[in-house]
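Peer 1: Mind having a look at this structure? Questions to follow.
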Protein chains: 2
Amino acid sequence: MSKLETTLEKIEPVDPALLDKAQKRLDSLTKPKDSLGRLEELARRLVGITGDLSFRVLKKTIFTFAGDHGVADEGVSAFPTEVTRQMVFNFLRGGAGINVLSRQAGAEVVVVDIGVDFEFDDAPGLVKRKVVSGTRNLRIGPAMTREETIRCIEAGISLAKEYAAKGAVFGTGEMGIANTTPSSAIVSAFTGLPVEEVTGRGTGVDDKAFRHKVAVIEEALKVNAPDASDPIDVLSKVGGAEIAGIAGLILGAASLKIPVVIDGFISTAGALVAYELKPAARDYMIASHLSVERGHKAMLERMRLRPLLDLDLRLGEGTGSAIGIMLIEAAERIYNEMATFGDAGVSERSS
Amino acid sequence: MSKLETTLEKIEPVDPALLDKAQKRLDSLTKPKDSLGRLEELARRLVGITGDLSFRVLKKTIFTFAGDHGVADEGVSAFPTEVTRQMVFNFLRGGAGINVLSRQAGAEVVVVDIGVDFEFDDAPGLVKRKVVSGTRNLRIGPAMTREETIRCIEAGISLAKEYAAKGAVFGTGEMGIANTTPSSAIVSAFTGLPVEEVTGRGTGVDDKAFRHKVAVIEEALKVNAPDASDPIDVLSKVGGAEIAGIAGLILGAASLKIPVVIDGFISTAGALVAYELKPAARDYMIASHLSVERGHKAMLERMRLRPLLDLDLRLGEGTGSAIGIMLIEAAERIYNEMATFGDAGVSERSS
């Protein structure tokens, strides 16, 4: 079996009995039952995902996958394609949004060149796993071959294994000029929703440019006719290298029982591919935030994931994941560090 | 003039020109415009509040005001009143939710006995500013005298002055068995909304107990007939010592240009009193989260505050403030630490 096949086979749904055990501990803590709401839900899920009734967050890693997109030739983004590589350098120097928020969260940022149209020298913090030097223009034909796509997914799976550790929590992120275009195409392909309803303005395009973007995606879906029952087909024809890498990272994390925080629109497109390949993978995903990008909500609903935050973010890079990881740590600390009614000598409710 | 009067006089609306200056800096950073949404809004507000174009968060303090309530005699809470003092001991030992989240946020927890029906010995972390040993039962008559109420507010103002420092950020919190009852009474008094619409289940009461709680609050409003045009009258008749302390802390913070993060339902009742006394005080408030408690939303809307988080929290203590402070720090770091387009050599949008 291939690495992808063995990984898919290893992914199992979370055992609900673990959630109940975690809830018993939460109910013994000095607070009214359920009064910490979604932090308690997160704590239960962390125990369920890891199978560890005294799980602690020990190693936080955010993977920012970078790739270029042939479809940028169609003028679907307000930024030139060089910005992908320029932002990779910005990540490596620590000056980008993801660096700032990861420092606060205590997370390491791993920048993965999986598909940038530029040859990087070796640099600390850069992981070189290039599969393509930018995808082909998906308006005209498939963005990647099936074989390239599987190599991107498997690169993500390998990274999950390399960074696996006791107490590991992963976050996803990405950089790729024009990558909201393949993401919208993926949502439309899987959900059947009209392109217009799942396409946003990306990094700031105007009305005319928006209509053009919708037309490009509609043509891409018509020309490529991706088969929604074959997620690899969808991903190769209308996806991107970084989206495939994210799908692989998530599948790898799920196979290793590592919680993985999903960033916004583009990361969630990768998560959706992982889900379509193996629905149980969603049990390991924690949706950090609801993006401003239209189409994000449709994906989260399809996977029955409720985002933690709604902060009008649409930067990507993993910035939502970094904040999500802060909430994960809050939940974990509540679960592990709060005193119980017994320890603290606090009376329980009278009724 | 009294301390309260001079404080009210010092509070000025935030200068919108400062927000524009902060936005100019945000727009120079390596990200599409507005792509960090509410974090950018927070950064603008921090600059506006402090008047410091290079504001940094240097000292985080959460004030957890504790007080008892005579109305607990009416059986409006599922927990016995001893829990107020027991939880104060839990705070001082570091075992409560607020301690856990404050440790993560790097905030100091200051526990203020402003109205607990118990004599505490001196202890590190406890600030003794007792004005009443529990309020009187507001179903029967005024919870406090006007003079006691002003003393509670002025205790909060004094604390704001004592903890003021360069880079200070405050958060509010409280502990007081039965204190959702006065909070609902305050909302109803100011907004005119029916008690039933602004009363929640507090720390877990059932249907019958809920109807009883509503009846108690309705009677309190009838018996006391608080004058909504006189916030001190409302606060003294149907409020509580910790709610008054919070109102004072917020007024003090606003007079000193210190950002103050508001926790949930009860803290927001204190914030509402501050707002009714001086509407400009709302410019200094940052609403951390939307509580599960009904009536919270009505207060936030009245003050035109949009909460940052919606995590189904209803613990109080300042737990929402602690998470809100993490987001404030995120916003401040984004504002100060991100590279600009020029510094990073990243191309700006082509259009």
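In the structure tokens, each chain is lettered A, B, ... as it comes, each chain's residues begin at 1, and ligands are numbered from 1 in order of appearance.
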Which chain B residues have any atom within 8 Å of an atom of chain A, and for each, what is the nearest pair of atoms with distance in Å to one decimal, counting only C-alpha atoms, rows sorted by chain and number, as a tab-separated table?
Peer 2:
residue	atom	partner	partner_atom	distance
B:Thr30	CA	A:Ala96	CA	6.5
B:Lys31	CA	A:Leu315	CA	6.8
B:Pro32	CA	A:Thr203	CA	5.8
B:Lys33	CA	A:Gly204	CA	7.6
B:Ser35	CA	A:Arg314	CA	4.9
B:Leu36	CA	A:Leu313	CA	4.8
B:Gly37	CA	A:Asp312	CA	4.6
B:Arg38	CA	A:Leu311	CA	5.1
B:Leu39	CA	A:Leu311	CA	7.2
B:Ala78	CA	A:Arg349	CA	5.3
B:Phe79	CA	A:Arg349	CA	4.4
B:Pro80	CA	A:Ser350	CA	6.7
B:Glu82	CA	A:Ser347	CA	7.6
B:Val83	CA	A:Val346	CA	6.1
B:Gln86	CA	A:Val346	CA	5.5
B:Met87	CA	A:Val346	CA	6.8
B:Asn90	CA	A:Ala344	CA	6.0
B:Gly95	CA	A:Ala339	CA	4.6
B:Ala96	CA	A:Met338	CA	5.5
B:Gly97	CA	A:Met338	CA	6.1
B:Val100	CA	A:Ile334	CA	6.3
B:Leu101	CA	A:Ala330	CA	6.3
B:Gln104	CA	A:Ala330	CA	7.1
B:Thr203	CA	A:Pro32	CA	5.8
B:Gly204	CA	A:Pro32	CA	7.2
B:Leu308	CA	A:Leu311	CA	7.1
B:Leu309	CA	A:Leu309	CA	6.5
B:Asp310	CA	A:Leu309	CA	7.3
B:Leu311	CA	A:Arg38	CA	5.1
B:Asp312	CA	A:Gly37	CA	4.5
B:Leu313	CA	A:Leu36	CA	4.8
B:Arg314	CA	A:Ser35	CA	4.9
B:Leu315	CA	A:Ser35	CA	5.0
B:Ala330	CA	A:Leu101	CA	6.3
B:Arg333	CA	A:Val100	CA	6.4
B:Ile334	CA	A:Val100	CA	6.3
B:Glu337	CA	A:Val100	CA	6.5
B:Met338	CA	A:Gly95	CA	5.0
B:Ala339	CA	A:Gly95	CA	4.6
B:Ala344	CA	A:Asn90	CA	6.0
B:Gly345	CA	A:Gln86	CA	7.0
B:Val346	CA	A:Gln86	CA	5.5
B:Ser347	CA	A:Val83	CA	6.2
B:Glu348	CA	A:Phe79	CA	6.7
B:Arg349	CA	A:Phe79	CA	4.4
B:Ser350	CA	A:Phe79	CA	5.6
B:Ser351	CA	A:Ala78	CA	6.2
Peer 1: Check the DSSP output for the backbone and give back, as a ChimeraX atom specification, the residues of range 70-267 of chain A in alpha helix (DSSP H).
Peer 2: /A:82-93,97-105,146-163,180-191,207-224,231-238,241-255,265-267
Peer 1: What's around His212 in chain B at 12 Å? Count only C-alpha atoms, leave out sequence neighbours fewer than 5 positions away in its own chain, and write the answer as an NGL selection string.
Peer 2: :B and (74-77 or 139 or 181 or 195-196 or 199-201 or 205-207 or 217-219)
Peer 1: So, with only C-alpha atoms as the atoms that count, which of A:Thr64, A:Asn224, A:Thr135, A:Ser236 lies closest to Asp263 in chain A?
Peer 2: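 Closest to Asp263 in chain A of all the choices is A:Thr64.
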Peer 1: Find the residues near range 163-176 of chain A: any atom within 7 Å, counting only C-alpha atoms, skip ones fewer than 4 places away on the same chain, and give them as number ranges by chain.
Peer 2: A: 55-68, 84, 159, 242, 246, 258-263, 267, 316-318, 321
Peer 1: Can you pull out every residue from range 105-282 of chain A that DSSP, working from the backbone, puts in strand (DSSP E or B), and format the result as a list in words?
Peer 2: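 Going through range 105-282 of chain A, the strand (DSSP E or B) residues come out as Glu108, Val109, Val110, Val111, Val112, Asp113, Ile114, Gly115, Leu126, Val127, Lys128, Ala168, Val169, Phe170, Gly171, Thr172, Gly173, Glu174, Met175, Val260, Val261 and Ile262 of chain A.
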Peer 1: Limited to all heavy atoms, could you put the picked residues into a file as a short mmCIF file (atom, residue, chain, number, x, y, z; two decimals), in the first residue's frame?
Peer 2:
data_model
loop_
_atom_site.label_atom_id
_atom_site.label_comp_id
_atom_site.auth_asym_id
_atom_site.auth_seq_id
_atom_site.Cartn_x
_atom_site.Cartn_y
_atom_site.Cartn_z
N GLU A 108 6.27 27.08 17.21
CA GLU A 108 7.29 27.15 16.18
C GLU A 108 6.59 27.28 14.82
O GLU A 108 5.60 26.60 14.57
CB GLU A 108 8.14 25.89 16.21
CG GLU A 108 9.26 25.90 15.17
CD GLU A 108 10.03 24.57 15.07
OE1 GLU A 108 9.69 23.62 15.82
OE2 GLU A 108 10.93 24.48 14.24
N VAL A 109 7.12 28.14 13.96
CA VAL A 109 6.60 28.24 12.59
C VAL A 109 7.52 27.46 11.66
O VAL A 109 8.72 27.73 11.61
CB VAL A 109 6.54 29.71 12.11
CG1 VAL A 109 6.00 29.79 10.68
CG2 VAL A 109 5.68 30.55 13.05
N VAL A 110 6.96 26.48 10.98
CA VAL A 110 7.72 25.71 10.00
C VAL A 110 7.20 26.13 8.62
O VAL A 110 6.04 25.92 8.30
CB VAL A 110 7.52 24.20 10.23
CG1 VAL A 110 8.16 23.40 9.10
CG2 VAL A 110 8.08 23.79 11.58
N VAL A 111 8.08 26.75 7.84
CA VAL A 111 7.69 27.22 6.51
C VAL A 111 8.05 26.12 5.52
O VAL A 111 9.20 25.67 5.46
CB VAL A 111 8.42 28.53 6.15
CG1 VAL A 111 7.94 29.06 4.80
CG2 VAL A 111 8.21 29.57 7.24
N VAL A 112 7.08 25.66 4.76
CA VAL A 112 7.29 24.54 3.85
C VAL A 112 7.16 25.03 2.40
O VAL A 112 6.08 25.46 1.99
CB VAL A 112 6.26 23.41 4.10
CG1 VAL A 112 6.60 22.19 3.24
CG2 VAL A 112 6.17 23.05 5.58
N ASP A 113 8.27 24.97 1.67
CA ASP A 113 8.17 25.25 0.22
C ASP A 113 7.73 23.96 -0.45
O ASP A 113 8.52 23.03 -0.63
CB ASP A 113 9.51 25.72 -0.34
CG ASP A 113 9.46 25.77 -1.88
OD1 ASP A 113 8.34 25.79 -2.45
OD2 ASP A 113 10.55 25.80 -2.50
N ILE A 114 6.47 23.92 -0.81
CA ILE A 114 5.96 22.73 -1.47
C ILE A 114 5.66 23.02 -2.94
O ILE A 114 5.56 22.09 -3.74
CB ILE A 114 4.72 22.18 -0.71
CG1 ILE A 114 4.38 20.76 -1.17
CG2 ILE A 114 3.53 23.12 -0.85
CD1 ILE A 114 3.54 19.98 -0.17
N GLY A 115 5.58 24.31 -3.28
CA GLY A 115 5.23 24.58 -4.67
C GLY A 115 5.49 26.00 -5.12
O GLY A 115 4.79 26.53 -5.99
N LEU A 126 13.10 26.91 7.19
CA LEU A 126 12.53 26.56 5.87
C LEU A 126 12.70 25.06 5.64
O LEU A 126 13.80 24.52 5.74
CB LEU A 126 13.23 27.34 4.76
CG LEU A 126 12.75 27.01 3.33
CD1 LEU A 126 11.29 27.44 3.13
CD2 LEU A 126 13.65 27.69 2.29
N VAL A 127 11.60 24.41 5.33
CA VAL A 127 11.64 22.99 4.98
C VAL A 127 11.37 22.89 3.49
O VAL A 127 10.34 23.35 3.00
CB VAL A 127 10.59 22.21 5.81
CG1 VAL A 127 10.48 20.78 5.31
CG2 VAL A 127 10.95 22.24 7.29
N LYS A 128 12.31 22.30 2.76
CA LYS A 128 12.20 22.26 1.30
C LYS A 128 11.60 20.94 0.84
O LYS A 128 12.24 19.88 0.92
CB LYS A 128 13.58 22.50 0.69
CG LYS A 128 14.08 23.93 0.93
CD LYS A 128 15.57 24.08 0.78
CE LYS A 128 15.96 24.34 -0.66
NZ LYS A 128 17.40 24.70 -0.76
N ALA A 168 2.14 17.06 21.37
CA ALA A 168 2.16 17.87 20.14
C ALA A 168 0.78 18.40 19.79
O ALA A 168 -0.22 17.70 19.95
CB ALA A 168 2.71 17.06 18.97
N VAL A 169 0.75 19.65 19.35
CA VAL A 169 -0.44 20.24 18.73
C VAL A 169 0.03 20.91 17.45
O VAL A 169 1.03 21.64 17.46
CB VAL A 169 -1.10 21.30 19.65
CG1 VAL A 169 -2.22 22.03 18.91
CG2 VAL A 169 -1.63 20.66 20.92
N PHE A 170 -0.67 20.64 16.35
CA PHE A 170 -0.31 21.24 15.06
C PHE A 170 -1.30 22.34 14.70
O PHE A 170 -2.47 22.30 15.10
CB PHE A 170 -0.34 20.20 13.94
CG PHE A 170 0.72 19.13 14.02
CD1 PHE A 170 0.59 17.96 13.26
CD2 PHE A 170 1.84 19.26 14.83
CE1 PHE A 170 1.56 16.96 13.31
CE2 PHE A 170 2.82 18.27 14.89
CZ PHE A 170 2.67 17.11 14.12
N GLY A 171 -0.82 23.27 13.89
CA GLY A 171 -1.70 24.25 13.26
C GLY A 171 -1.36 24.32 11.78
O GLY A 171 -0.21 24.10 11.40
N THR A 172 -2.36 24.62 10.96
CA THR A 172 -2.11 24.74 9.53
C THR A 172 -2.06 26.21 9.12
O THR A 172 -2.68 27.06 9.76
CB THR A 172 -3.21 24.07 8.69
OG1 THR A 172 -4.41 24.85 8.79
CG2 THR A 172 -3.48 22.65 9.15
N GLY A 173 -1.34 26.46 8.03
CA GLY A 173 -1.29 27.80 7.48
C GLY A 173 -0.79 27.73 6.05
O GLY A 173 -0.30 26.68 5.62
N GLU A 174 -0.89 28.82 5.32
CA GLU A 174 -0.47 28.79 3.92
C GLU A 174 -0.14 30.19 3.42
O GLU A 174 -0.53 31.19 4.00
CB GLU A 174 -1.51 28.17 3.01
CG GLU A 174 -2.94 28.60 3.25
CD GLU A 174 -3.22 30.07 3.24
OE1 GLU A 174 -2.81 30.73 2.24
OE2 GLU A 174 -3.80 30.59 4.21
N MET A 175 0.61 30.20 2.33
CA MET A 175 0.90 31.43 1.59
C MET A 175 0.92 31.06 0.12
O MET A 175 1.64 30.13 -0.26
CB MET A 175 2.27 31.98 2.02
CG MET A 175 2.68 33.24 1.26
SD MET A 175 1.60 34.63 1.70
CE MET A 175 1.36 35.40 0.11
N VAL A 260 -5.14 18.95 15.41
CA VAL A 260 -4.64 19.86 14.38
C VAL A 260 -5.63 21.01 14.20
O VAL A 260 -6.81 20.81 13.95
CB VAL A 260 -4.32 19.11 13.06
CG1 VAL A 260 -5.51 18.32 12.53
CG2 VAL A 260 -3.79 20.05 11.99
N VAL A 261 -5.10 22.22 14.41
CA VAL A 261 -5.92 23.43 14.34
C VAL A 261 -5.94 23.92 12.89
O VAL A 261 -4.87 24.05 12.27
CB VAL A 261 -5.35 24.52 15.26
CG1 VAL A 261 -6.26 25.74 15.25
CG2 VAL A 261 -5.21 23.98 16.67
N ILE A 262 -7.13 24.17 12.39
CA ILE A 262 -7.29 24.58 11.00
C ILE A 262 -7.44 26.09 10.95
O ILE A 262 -8.26 26.66 11.67
CB ILE A 262 -8.55 23.93 10.37
CG1 ILE A 262 -8.64 22.43 10.71
CG2 ILE A 262 -8.58 24.16 8.87
CD1 ILE A 262 -7.54 21.59 10.20
#
Peer 1: Using only C-alpha atoms, which of A:Ala155, A:Val47, A:Leu251, A:Ala215 sits nearest Glu5 in chain A?
Peer 2: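 Closest to Glu5 in chain A of all the choices is A:Leu251.
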